[in-house]
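Colleague: After the structure tokens below, expect a handful of questions from me.
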Amino acid sequence: MTTATLRASRSRIGAIAKRHAYVLWRSPHRLFDVTIWPLVDAVLFGSIAVFFARQGGQGGSRTVGYLLAGIVLWHVVYQAQIAVATGFLEETWSRQVLTMLVTPMREWEFVAGVAAFGLIKLVLGVGMVTVAAVGFYAFDPGTLGIWVIPVMLMLLMAGWSVALFVIGLVLRFGNGAEAFAWGILFVVMPLSGVFYPVEALPAVLRPVSLLLPTTHLFAAGRALVDGRGPSWHDLGLAALTTLLVSAAAFAFLVRMLRVFRERGYITRYT
Amino acid sequence: MSDVLVARGLVKDYRRGRAVDQVDLTLREGERLALLGPNGAGKTTTLLMCLGVVRPDAGTVEVVGHRLPKGRSAAMAQVGFTAGYLPLPDRIRVSEYLRMYGQLYGVADPVEQAVRGLERFGIPQLAPAMGTELSAGQKTLIGIVKATMHTPRLLVLDEPTASLDPDVAFRVRTGLAVLCEEEGTALLVTSHNMLEVERISERVVFLARGRVVADGPPAEVAASFGQDDLEELFLHLAQDPEVQGVDGRGGHSTETSKGARP
């Protein structure tokens, strides 16, 4: 790739990121996802945790840590996924898909643009849930230590992978599949053991949960809550499954793009 | 003059039948060509294959020497496209919209080119307007400014003047003619307004049931079918069961979205 090509790619990625910044800036109701929703989640799961902790018994404070660390880390996946998936959906809603396809922009540049802008939403959303956890429940995610950073980075990758999968479904099945943009994570969430070890899942679901990178990442997160330091076993499995899931999501999207072009599905958006 | 668009043997089958059948299309630098045909004739599918958005089942497309789909990005840098039926995005100002597309097209100074483009079509006052504040005609004009701000080698306009009043349509035609003359931009246009087509294009290609049934200067093509003008030729071809198939409507095509357009 030449310097000129790289510069052109950077410019196109910046153009897409800026376009979506305008959309968010001028649609205050879209701030719900990065302000109210994280706040509601923090209050909901924080209060459940406090309630159970006050019932006494073993592991009260650990429960608070698991739930609040879980919801903070969950918002990394959620915000990353929703920003990229709705970034594409925005172009379908505003009927810009055809116009954008007839530009030199490559598909990966579009995804990079919405992902780059999504990082701002992610900082806002995760920041909001963190502030609520600290302010209302005196839970400081900073106590998890530096090893929370690779956990968060891999959760980011996992969120983006789910988004690529959702975009692939929308390309294949049209806007009817947009429900997956919001719904799919509610399937991933319980299977990943966001708030509990997956041993708590029904036995039949455990093999499925082990295939998800999020399962190992939340397990690694709980090890940090417990003060056990980095769980290399979980981090290793997380890295491996993150790579596999990312590759699978990318391959799925490429395949769906091909089907989209072969079957002329663009007419759905004109 | 070099060829800007070379499409050879394009074929596209959809579930309900063949939409495009062995279509050849060549467009030279500076040439103004109209792709015509009744609804379902295969115009849009042909156009979309030439733009790399729909993959042909057979045949090849080269745009400014770049073979699709491999050279799509380089090819599209030389292409401008707009369609009268596509809206401007919400929640974005005209100036921001043009700047964004300028960046996507790799224009060195997108802000300046946006201003110049708006002035070329006599609408600099629209720069600060939101897309939702514009009339249908103004949106079409902004689409044309967007499609021309990077001085493309090939300009593709799908139903460009459908929402324009006669005065604005005249200005658009004049602006496009100047662009083609001065910059050597080739123009590929589809329209249902035959008078418009006669004024804007020097060559027409008629499609029916996915096949090219006529190709040449508008007057010659009309005369070759014993008709006085393109309007009469269009009606003749649209109603001819030989050309249109048994249902008289080219009913096997899948260009279903056409009928649903606003």
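Labels used: A, B, ... for chains in the order of the structure tokens, numbers from 1 for residues in each chain, and numbers from 1 for ligands as shown.
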Could you work out which residues of chain B fall inside 9 Å of chain A? Count only C-alpha atoms, and format the result as a tab-separated table (two decimals) with N, CA and C atoms, in the first residue's frame.
Modeller:
chain	number	residue	atom	x	y	z
B	12	LYS	N	-27.50	-11.00	-16.74
B	12	LYS	CA	-27.90	-11.10	-15.34
B	12	LYS	C	-29.22	-11.83	-15.24
B	13	ASP	N	-29.18	-12.92	-14.51
B	13	ASP	CA	-30.39	-13.70	-14.25
B	13	ASP	C	-30.83	-13.49	-12.81
B	14	TYR	N	-32.09	-13.24	-12.63
B	14	TYR	CA	-32.67	-13.25	-11.30
B	14	TYR	C	-33.62	-14.44	-11.21
B	15	ARG	N	-34.17	-14.63	-10.04
B	15	ARG	CA	-35.00	-15.80	-9.82
B	15	ARG	C	-36.16	-15.88	-10.83
B	45	THR	N	-30.52	-2.52	-13.90
B	45	THR	CA	-29.59	-3.63	-13.66
B	45	THR	C	-28.31	-3.43	-14.48
B	48	LEU	N	-26.33	-0.69	-12.80
B	48	LEU	CA	-25.73	-1.13	-11.55
B	48	LEU	C	-24.55	-2.07	-11.80
B	51	LEU	N	-21.63	-0.03	-12.66
B	51	LEU	CA	-21.10	0.68	-11.49
B	51	LEU	C	-20.49	-0.28	-10.47
B	52	GLY	N	-20.53	-1.56	-10.75
B	52	GLY	CA	-19.91	-2.54	-9.84
B	52	GLY	C	-20.75	-2.86	-8.62
B	53	VAL	N	-22.00	-2.42	-8.60
B	53	VAL	CA	-22.85	-2.68	-7.42
B	53	VAL	C	-23.55	-4.02	-7.54
B	54	VAL	N	-23.84	-4.42	-8.78
B	54	VAL	CA	-24.41	-5.75	-9.04
B	54	VAL	C	-23.40	-6.52	-9.88
B	55	ARG	N	-23.16	-7.77	-9.49
B	55	ARG	CA	-22.18	-8.59	-10.21
B	55	ARG	C	-22.84	-9.31	-11.38
B	56	PRO	N	-22.31	-9.13	-12.59
B	56	PRO	CA	-22.93	-9.83	-13.73
B	56	PRO	C	-22.70	-11.34	-13.65
B	57	ASP	N	-23.64	-12.11	-14.18
B	57	ASP	CA	-23.44	-13.57	-14.23
B	57	ASP	C	-22.46	-13.92	-15.34
B	72	ARG	N	-12.49	-1.94	-8.65
B	72	ARG	CA	-13.65	-1.11	-8.34
B	72	ARG	C	-13.29	0.23	-7.71
B	73	SER	N	-12.43	0.21	-6.71
B	73	SER	CA	-12.11	1.46	-5.99
B	73	SER	C	-11.47	2.47	-6.94
B	74	ALA	N	-10.47	2.03	-7.71
B	74	ALA	CA	-9.80	2.95	-8.65
B	74	ALA	C	-10.78	3.42	-9.72
B	75	ALA	N	-11.66	2.52	-10.17
B	75	ALA	CA	-12.63	2.89	-11.21
B	75	ALA	C	-13.61	3.93	-10.68
B	76	MET	N	-14.10	3.71	-9.46
B	76	MET	CA	-15.13	4.60	-8.93
B	76	MET	C	-14.59	6.00	-8.60
B	77	ALA	N	-13.27	6.09	-8.45
B	77	ALA	CA	-12.67	7.42	-8.26
B	77	ALA	C	-12.87	8.29	-9.50
B	78	GLN	N	-13.15	7.64	-10.63
B	78	GLN	CA	-13.33	8.34	-11.90
B	78	GLN	C	-14.81	8.47	-12.28
B	79	VAL	N	-15.68	8.06	-11.37
B	79	VAL	CA	-17.11	8.02	-11.69
B	79	VAL	C	-17.89	8.95	-10.76
B	80	GLY	N	-18.83	9.68	-11.32
B	80	GLY	CA	-19.77	10.44	-10.52
B	80	GLY	C	-21.15	9.83	-10.71
B	81	PHE	N	-21.92	9.75	-9.65
B	81	PHE	CA	-23.24	9.11	-9.77
B	81	PHE	C	-24.26	9.84	-8.91
B	82	THR	N	-25.42	10.02	-9.46
B	82	THR	CA	-26.55	10.43	-8.62
B	82	THR	C	-27.83	9.93	-9.27
B	83	ALA	N	-28.85	9.83	-8.45
B	83	ALA	CA	-30.15	9.37	-8.93
B	83	ALA	C	-31.22	10.29	-8.37
B	85	TYR	N	-34.08	9.77	-7.50
B	85	TYR	CA	-34.97	9.16	-6.49
B	85	TYR	C	-34.28	8.93	-5.15
B	86	LEU	N	-32.98	9.24	-5.07
B	86	LEU	CA	-32.27	9.03	-3.79
B	86	LEU	C	-32.25	10.32	-2.98
B	87	PRO	N	-32.57	10.23	-1.69
B	87	PRO	CA	-32.62	11.44	-0.87
B	87	PRO	C	-31.23	11.85	-0.38
B	88	LEU	N	-31.17	13.05	0.19
B	88	LEU	CA	-29.97	13.44	0.92
B	88	LEU	C	-30.12	12.89	2.33
B	89	PRO	N	-29.03	12.58	2.99
B	89	PRO	CA	-29.18	12.07	4.36
B	89	PRO	C	-29.73	13.14	5.30
B	90	ASP	N	-30.42	12.69	6.32
B	90	ASP	CA	-30.93	13.61	7.35
B	90	ASP	C	-29.77	14.08	8.22
B	91	ARG	N	-30.04	15.12	8.98
B	91	ARG	CA	-29.14	15.61	10.03
B	91	ARG	C	-27.74	15.94	9.53
B	92	ILE	N	-27.67	16.45	8.30
B	92	ILE	CA	-26.37	16.88	7.79
B	92	ILE	C	-26.62	18.07	6.85
B	96	GLU	N	-21.64	20.09	4.54
B	96	GLU	CA	-21.01	18.93	5.18
B	96	GLU	C	-21.14	17.68	4.30
B	97	TYR	N	-22.30	17.56	3.67
B	97	TYR	CA	-22.55	16.43	2.77
B	97	TYR	C	-21.57	16.45	1.60
B	99	ARG	N	-18.72	18.06	1.42
B	99	ARG	CA	-17.34	17.87	1.91
B	99	ARG	C	-17.06	16.38	2.16
B	100	MET	N	-18.07	15.69	2.73
B	100	MET	CA	-17.89	14.26	3.00
B	100	MET	C	-17.65	13.49	1.70
B	101	TYR	N	-18.49	13.75	0.70
B	101	TYR	CA	-18.30	13.02	-0.57
B	101	TYR	C	-17.02	13.46	-1.27
B	102	GLY	N	-16.65	14.71	-1.12
B	102	GLY	CA	-15.37	15.17	-1.66
B	102	GLY	C	-14.23	14.35	-1.08
B	103	GLN	N	-14.29	14.12	0.23
B	103	GLN	CA	-13.25	13.30	0.89
B	103	GLN	C	-13.32	11.85	0.40
B	104	LEU	N	-14.54	11.33	0.25
B	104	LEU	CA	-14.67	9.95	-0.20
B	104	LEU	C	-14.10	9.79	-1.61
B	105	TYR	N	-14.25	10.83	-2.44
B	105	TYR	CA	-13.73	10.78	-3.81
B	105	TYR	C	-12.26	11.17	-3.90
B	106	GLY	N	-11.68	11.57	-2.78
B	106	GLY	CA	-10.26	11.91	-2.79
B	106	GLY	C	-9.95	13.29	-3.35
B	255	GLU	N	-36.89	-5.77	-12.09
B	255	GLU	CA	-36.68	-4.38	-11.67
B	255	GLU	C	-37.89	-3.87	-10.90
B	256	THR	N	-38.21	-4.60	-9.85
B	256	THR	CA	-39.42	-4.30	-9.12
B	256	THR	C	-39.35	-2.97	-8.39
B	257	SER	N	-38.17	-2.58	-7.97
B	257	SER	CA	-38.08	-1.36	-7.17
B	257	SER	C	-38.44	-0.12	-7.96
B	258	LYS	N	-38.30	-0.18	-9.27
B	258	LYS	CA	-38.59	0.99	-10.10
B	258	LYS	C	-40.00	1.53	-9.85
B	261	ARG	N	-40.64	3.59	-6.68
B	261	ARG	CA	-39.90	4.81	-6.38
B	261	ARG	C	-40.83	6.00	-6.28
Colleague: Env of Asp3 in chain B: 9 Å cut, atoms = only C-alpha atoms, seq-sep filter 6 positions within chain, self excluded. Answer as a list of chain:residue names.
Modeller: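 Listed by chain and then number, they are B:Thr26, B:Leu27, B:Arg28, B:Glu29, B:Val63, B:Val64, B:Gly65.
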Colleague: As a PyMOL selection string, please: every residue in range 55-178 of chain B that DSSP puts in alpha helix (DSSP H).
Modeller: chain B and resi 72-76+94-104+110-120+136-148+166-178
Colleague: Can you pull out every residue within 7 Å of Leu33 in chain B, counting only C-alpha atoms, but drop anything in the same chain fewer than 6 positions away, and send it as a ChimeraX atom specification?
Modeller: /B:187-189,201-204
Colleague: Please save N, CA and C atoms of the selected residues as a PDB file, in the first residue's frame.
Modeller:
ATOM      1  N   LEU B 187     -21.094  11.032 -20.353  1.00  0.00           N
ATOM      2  CA  LEU B 187     -22.349  11.057 -19.600  1.00  0.00           C
ATOM      3  C   LEU B 187     -23.200   9.844 -19.967  1.00  0.00           C
ATOM      4  N   LEU B 188     -23.610   9.115 -18.955  1.00  0.00           N
ATOM      5  CA  LEU B 188     -24.527   7.994 -19.145  1.00  0.00           C
ATOM      6  C   LEU B 188     -25.775   8.309 -18.327  1.00  0.00           C
ATOM      7  N   VAL B 189     -26.898   8.461 -18.999  1.00  0.00           N
ATOM      8  CA  VAL B 189     -28.086   8.943 -18.302  1.00  0.00           C
ATOM      9  C   VAL B 189     -29.279   8.042 -18.614  1.00  0.00           C
ATOM     10  N   SER B 201     -28.695  14.112 -24.931  1.00  0.00           N
ATOM     11  CA  SER B 201     -27.805  13.049 -25.395  1.00  0.00           C
ATOM     12  C   SER B 201     -27.581  13.104 -26.897  1.00  0.00           C
ATOM     13  N   GLU B 202     -26.418  12.604 -27.284  1.00  0.00           N
ATOM     14  CA  GLU B 202     -26.129  12.538 -28.722  1.00  0.00           C
ATOM     15  C   GLU B 202     -26.280  11.115 -29.233  1.00  0.00           C
ATOM     16  N   ARG B 203     -26.467  10.200 -28.300  1.00  0.00           N
ATOM     17  CA  ARG B 203     -26.639   8.801 -28.689  1.00  0.00           C
ATOM     18  C   ARG B 203     -27.596   8.128 -27.705  1.00  0.00           C
ATOM     19  N   VAL B 204     -28.455   7.251 -28.194  1.00  0.00           N
ATOM     20  CA  VAL B 204     -29.341   6.521 -27.284  1.00  0.00           C
ATOM     21  C   VAL B 204     -29.184   5.016 -27.508  1.00  0.00           C
TER      22      VAL B 204
END
Colleague: Counting only C-alpha atoms, figure out which residue out of A:Gly159, A:Gly229, A:Gly168, A:Gly183 gets nearest to Ser246 in chain A.
Modeller: A:Gly159
Colleague: When you count only C-alpha atoms, which of these residues is closest to Val114 in chain A: A:Val126, A:Met256, A:Leu89, A:Val187?
Modeller: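 Going through A:Val126, A:Met256, A:Leu89, A:Val187 one by one, the smallest distance to Val114 in chain A is for A:Leu89.
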Colleague: Within 8 Å of Trp182 in chain A, counting only C-alpha atoms, which residues show up once you throw out same-chain ones fewer than 4 positions away? Write them as a PDB file with N, CA and C atoms, in the first residue's frame, please.
Modeller:
ATOM      1  N   ILE A  82     -23.020  -1.953  19.037  1.00  0.00           N
ATOM      2  CA  ILE A  82     -24.169  -1.144  18.612  1.00  0.00           C
ATOM      3  C   ILE A  82     -23.714   0.024  17.723  1.00  0.00           C
ATOM      4  N   GLU A 178     -32.687  -6.082  11.074  1.00  0.00           N
ATOM      5  CA  GLU A 178     -32.049  -5.086  11.942  1.00  0.00           C
ATOM      6  C   GLU A 178     -32.340  -5.332  13.422  1.00  0.00           C
ATOM      7  N   PHE A 186     -28.443  -9.930  23.615  1.00  0.00           N
ATOM      8  CA  PHE A 186     -29.205 -10.497  24.734  1.00  0.00           C
ATOM      9  C   PHE A 186     -29.163 -12.029  24.720  1.00  0.00           C
TER      10      PHE A 186
END
